[in-house]
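Enquirer: Please read through the structure below; I'll follow up with questions.
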Amino acid sequence: MDILFNYLQYPFVRYALIVGVLIALCAALLGVPLVLKRFSFIGDGLSHVAFGAMCIATVLRMTNNMILVLPITVLSAVLILRTGTNTKIKGDAVIAMISVAALAFGYLIMNLSNTPNVSGDVCTTLFGSTSILTLTLGEVWMCIILSLLVLVLFVLNYNRIFAVTFDENFARAVGTDTEKYNLLISVITAVIIVLAMNLVGSLLISALIIFPAISAMRLYHNYKQVTIAAAVLSVAAAFAGMIVSILAGTPVGSTIVAADVLVFAVCWIIGARNGR
Amino acid sequence: MALLEVNDLSLGYDGKAIVEHLNFKVNAGSYLCIVGENGSGKTTLMKTLLHLQKPLSGTINYGDGLKPDEIGYLPQQTEVQRDFPASVYEIVISGCQSRLGRRAFYGKEEKALAADAMRRMAIEDLKDRCYRDLSGGQQQRVLLARALCAARKIILLDEPVSGLDPKVTAELYKLIEDLNREGVTIMMVSHDISTALRNATHILHIGSSVFFGTRQEYLSSKIGRMFLEQEGGEH
């Protein structure tokens, strides 16, 4: 306990906790409709795109890489959604193609550019490593503002997101602009993924989106409860994961994901005992 | 003035027509049954009526103050819905989504509408149950209640009884009949020709040849008799 309070004296530890909790909250909220729409993989695909963009930013030695990474990822989210409804190439194949291509080209660019510590940089981008503990005050504010924006958009559109997720055809038939809400969902997802890269790195982001939603669905049977439970479970897992990683010196990203897996296991057992 | 008037409508995909020169009218209070062989374009017609798809040519006119997005819709179940964690109430009230306008949340009026729809479908006691735990017949009632929230005047049903056992099927048809008697106009796509002929006031038969008319006219038409014989063998 004393050690923990000692650590909390440092502003970078407090920043990490604030940012981590906010990102986990947003990811979990959005995870519920994404998982239900069978869009779990969009997170995976976009995170690889974000990795590619991050590599370009590193090679260009940009100080604030978000300026490049955010627009590229948002653009890819829109592209994936557009082609997702195209019958020529199936949605899941598009996601897989974009995702591996971004991964390959990202790594290629990194290697071609003679940056001194390629494997170190790649590892940081893929697994987050300690980057969340090196956030500047500016980055923290950017994270806070973007997360709050995501939260507000989500709450204001909660009923419509539910309607579009449950039955897109019905929603369209009664005059809801489903394209608009699908676009909203993918843009928000892109923003969350870019934010979450600092927390868990681009390989593990899907865990933040998928695990809390699936865990909550084991426990609750209506949409509102599932959404709230996913948010609570995700925040708890992220907070616990960060504390453990600070105390035990483990990598932040993988510890948080491990906590999410643990939460899922517990929920799965509780769900099984309740006869699901 | 008819609620819905279809003039010289051609339907299909990628410029290839499945059905051509379709003409029919739906008057307020009528019960139209749309029948035809598989692949004859029933689903395409329905999607066009709901603006999910554009017609190749022709027009659909709306009368009697009906707005194009005021057609209630009972779709077939989708893969996504089968394990969807949502309560009956959440689904029924989502039928009010077009009434939200610029608001973010449902108000008193929508809640009253949802309560009324659940009462009419006799599912009030299922209000807090999870949709995926319900039986097939109960699920259809929930979706019907949602359709009622979306539209008071006209409802379009897509194969409402597919996969239901005979007893539940009869109950559901009874509910639909009651709605029709209360003044709700019904359009139903169905394989089940025998029931179609018992309840419907009008029949639209699409396929290689097209027929539109009242039930009596259909029964005495050549196409009607042929289709009945053919389908009769299967039932």
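FYI, nothing fancy with the structure tokens labels: chains A, B, ... in order, residues from 1 per chain, ligands from 1 as they appear.
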Give me the residues within 8 Å of range 103-117 of chain B as a ChimeraX atom specification, counting only C-alpha atoms and dropping any in the same chain fewer than 5 places off.
Expert: /A:156-159 /B:89,92-93,96,124,145-146,148-149
Enquirer: Could the residues in this selection be saved with C-alpha atoms as a tab-separated table (two decimals), in the first residue's frame?
Expert:
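part17.tsv, written as the output of this step:
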```tsv
chain	number	residue	atom	x	y	z
A	156	LEU	CA	-26.78	10.96	-26.95
A	157	ASN	CA	-27.08	8.30	-29.65
A	158	TYR	CA	-27.61	5.35	-27.33
A	159	ASN	CA	-31.17	4.58	-28.47
B	89	TYR	CA	-39.40	-3.57	-23.59
B	92	VAL	CA	-40.69	-2.73	-28.49
B	93	ILE	CA	-39.84	0.89	-27.70
B	96	CYS	CA	-40.59	4.57	-31.74
B	124	GLU	CA	-47.01	-7.20	-20.90
B	145	ALA	CA	-45.56	-4.85	-31.07
B	146	ARG	CA	-42.48	-2.97	-32.30
B	148	LEU	CA	-47.19	-1.22	-34.09
B	149	CYS	CA	-45.08	1.44	-32.35
```
Enquirer: Taking only range 162-220 of chain B into account, list the residues labelled strand (DSSP E) by DSSP (computed from the backbone), as a list in words.
Expert: Thr185, Ile186, Met187, Met188, Val189, His202, Ile203, Leu204, His205, Phe211, Phe212, Gly213 and Thr214 of chain B
Enquirer: Find the residues in chain A near chain B: any atom within 6 Å counts, using only C-alpha atoms. Write them as an NGL selection string.
Expert: :A and (156 or 163 or 173-175 or 221-223)
Enquirer: Output the selection as a CSV table (one decimal), in the first residue's frame - C-alpha atoms for each residue.
Expert:
```
chain,number,residue,atom,x,y,z
A,156,LEU,CA,-26.8,11.0,-26.9
A,163,ALA,CA,-31.9,0.3,-33.0
A,173,ALA,CA,-37.6,1.1,-43.1
A,174,VAL,CA,-38.8,3.5,-40.5
A,175,GLY,CA,-36.6,6.3,-41.8
A,221,HIS,CA,-29.7,-10.2,-20.4
A,222,ASN,CA,-30.8,-6.7,-21.4
A,223,TYR,CA,-29.0,-4.2,-23.4
```
Enquirer: Do you know which residues are at most 8 Å from Phe24 in chain B counting only C-alpha atoms, after dropping those on the same chain fewer than 2 positions away, and could you put them as a JSON list (two decimals) with N, CA and C atoms, in the first residue's frame?
Expert:
```
[["chain", "number", "residue", "atom", "x", "y", "z"],
["B", 5, "GLU", "N", -50.37, 3.09, -53.77],
["B", 5, "GLU", "CA", -50.71, 2.77, -55.15],
["B", 5, "GLU", "C", -49.43, 2.54, -55.94],
["B", 6, "VAL", "N", -49.33, 1.36, -56.52],
["B", 6, "VAL", "CA", -48.12, 0.99, -57.24],
["B", 6, "VAL", "C", -48.41, 1.00, -58.74],
["B", 7, "ASN", "N", -47.64, 1.79, -59.49],
["B", 7, "ASN", "CA", -47.88, 1.94, -60.93],
["B", 7, "ASN", "C", -46.71, 1.45, -61.76],
["B", 22, "LEU", "N", -45.78, -4.10, -62.60],
["B", 22, "LEU", "CA", -46.61, -4.44, -61.45],
["B", 22, "LEU", "C", -47.55, -3.28, -61.15],
["B", 26, "VAL", "N", -53.52, -0.59, -52.43],
["B", 26, "VAL", "CA", -53.88, -1.08, -51.11],
["B", 26, "VAL", "C", -54.76, -0.02, -50.46],
["B", 204, "LEU", "N", -52.15, -10.64, -54.15],
["B", 204, "LEU", "CA", -51.23, -10.27, -55.22],
["B", 204, "LEU", "C", -50.35, -11.49, -55.48],
["B", 212, "PHE", "N", -53.54, -9.49, -59.66],
["B", 212, "PHE", "CA", -53.95, -8.72, -58.50],
["B", 212, "PHE", "C", -55.46, -8.58, -58.51]]
```
Enquirer: Hey, what's within 10 Å of Ala53 in chain A if we count only C-alpha atoms and toss same-chain stuff fewer than 5 positions away? As a PyMOL selection string, please?
Expert: chain A and resi 47-48+58-59+65-66+68-73+102-103+105-106
Enquirer: Neighbouring residues of Glu37 in chain B were defined as those with any atom within 9 Å, considering only C-alpha atoms; residues of the same chain fewer than 3 positions away were excluded. Please report them as a list in words.
Expert: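 What passes the distance filter is Ser40, Gly41, Lys42, His191, His205, Ile206, Gly207 and Phe227 of chain B.
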Enquirer: Name the residues of range 64-236 of chain A that fall into helix (DSSP H, G or I) according to DSSP on the backbone, using the chain letters and numbers of this document, as a ChimeraX atom specification.
Expert: /A:66-84,91-112,118-127,131-134,137-156,158-166,168-173,178-200,205-219,223-236
Enquirer: Rank A:Leu199, A:Phe154, A:Leu81, A:Ala258 by their smallest atom-to-atom distance to Glu179 in chain A, using only C-alpha atoms, and report the top residue only.
Expert: A:Leu81
Enquirer: Would you mind listing what lies within 7 Å of range 29-31 of chain A as a list in words, with only C-alpha atoms counted and same-chain residues fewer than 5 positions away left out?
Expert: Ile209, Ile210, Ala213, Thr227, Ala230 and Ala231 of chain A
Enquirer: Next, write the just-selected residues to a file, as a CSV table (one decimal), in the first residue's frame, keeping N, CA and C atoms as the atom set.
Expert:
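Result saved to out11.csv:
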```csv
chain,number,residue,atom,x,y,z
A,209,ILE,N,-11.8,-4.1,-26.5
A,209,ILE,CA,-13.1,-3.9,-27.1
A,209,ILE,C,-14.0,-5.1,-26.9
A,210,ILE,N,-13.4,-6.3,-27.1
A,210,ILE,CA,-14.2,-7.5,-27.1
A,210,ILE,C,-14.5,-8.1,-25.7
A,213,ALA,N,-17.4,-6.7,-23.3
A,213,ALA,CA,-18.7,-6.9,-23.9
A,213,ALA,C,-19.1,-8.4,-23.7
A,227,THR,N,-24.5,-3.0,-21.3
A,227,THR,CA,-23.7,-1.8,-21.6
A,227,THR,C,-23.0,-1.3,-20.3
A,230,ALA,N,-20.5,-3.9,-19.0
A,230,ALA,CA,-19.2,-3.9,-19.7
A,230,ALA,C,-18.3,-2.7,-19.3
A,231,ALA,N,-18.9,-1.6,-19.2
A,231,ALA,CA,-18.1,-0.4,-18.8
A,231,ALA,C,-17.5,-0.6,-17.4
```
Enquirer: Residues near Ala238 in chain A, anyone? I mean within 7 Å using only C-alpha atoms, not counting same-chain ones fewer than 6 positions away, as a list of chain:residue names.
Expert: A:Gly20, A:Val21, A:Ala24, A:Ile256
Enquirer: Give me a file of those residues, with N, CA and C atoms, as a tab-separated table (two decimals), in the first residue's frame.
Expert:
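The resulting file, again-v6.tsv, is reproduced below:
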```tsv
chain	number	residue	atom	x	y	z
A	20	GLY	N	-5.94	5.65	-18.77
A	20	GLY	CA	-6.25	4.22	-18.89
A	20	GLY	C	-7.71	3.94	-18.60
A	21	VAL	N	-8.22	4.53	-17.51
A	21	VAL	CA	-9.61	4.29	-17.12
A	21	VAL	C	-10.56	4.83	-18.19
A	24	ALA	N	-10.47	2.61	-21.34
A	24	ALA	CA	-11.12	1.32	-21.09
A	24	ALA	C	-12.64	1.49	-21.11
A	256	ILE	N	-3.08	-5.51	-18.37
A	256	ILE	CA	-4.50	-5.13	-18.46
A	256	ILE	C	-5.30	-6.20	-19.20
```
Enquirer: Return the single residue from A:Val232, A:Val122, A:Leu208, A:Cys267 that is closest to Leu195 in chain A, with distances computed using only C-alpha atoms.
Expert: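 That would be A:Leu208, the residue with the smallest distance to Leu195 in chain A.
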Enquirer: Figure out the distance between CA of Ile203 in chain B and CA of Lys222 in chain B, please, to one decimal in Å.
Expert: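 Those two atoms sit 13.7 Å apart.
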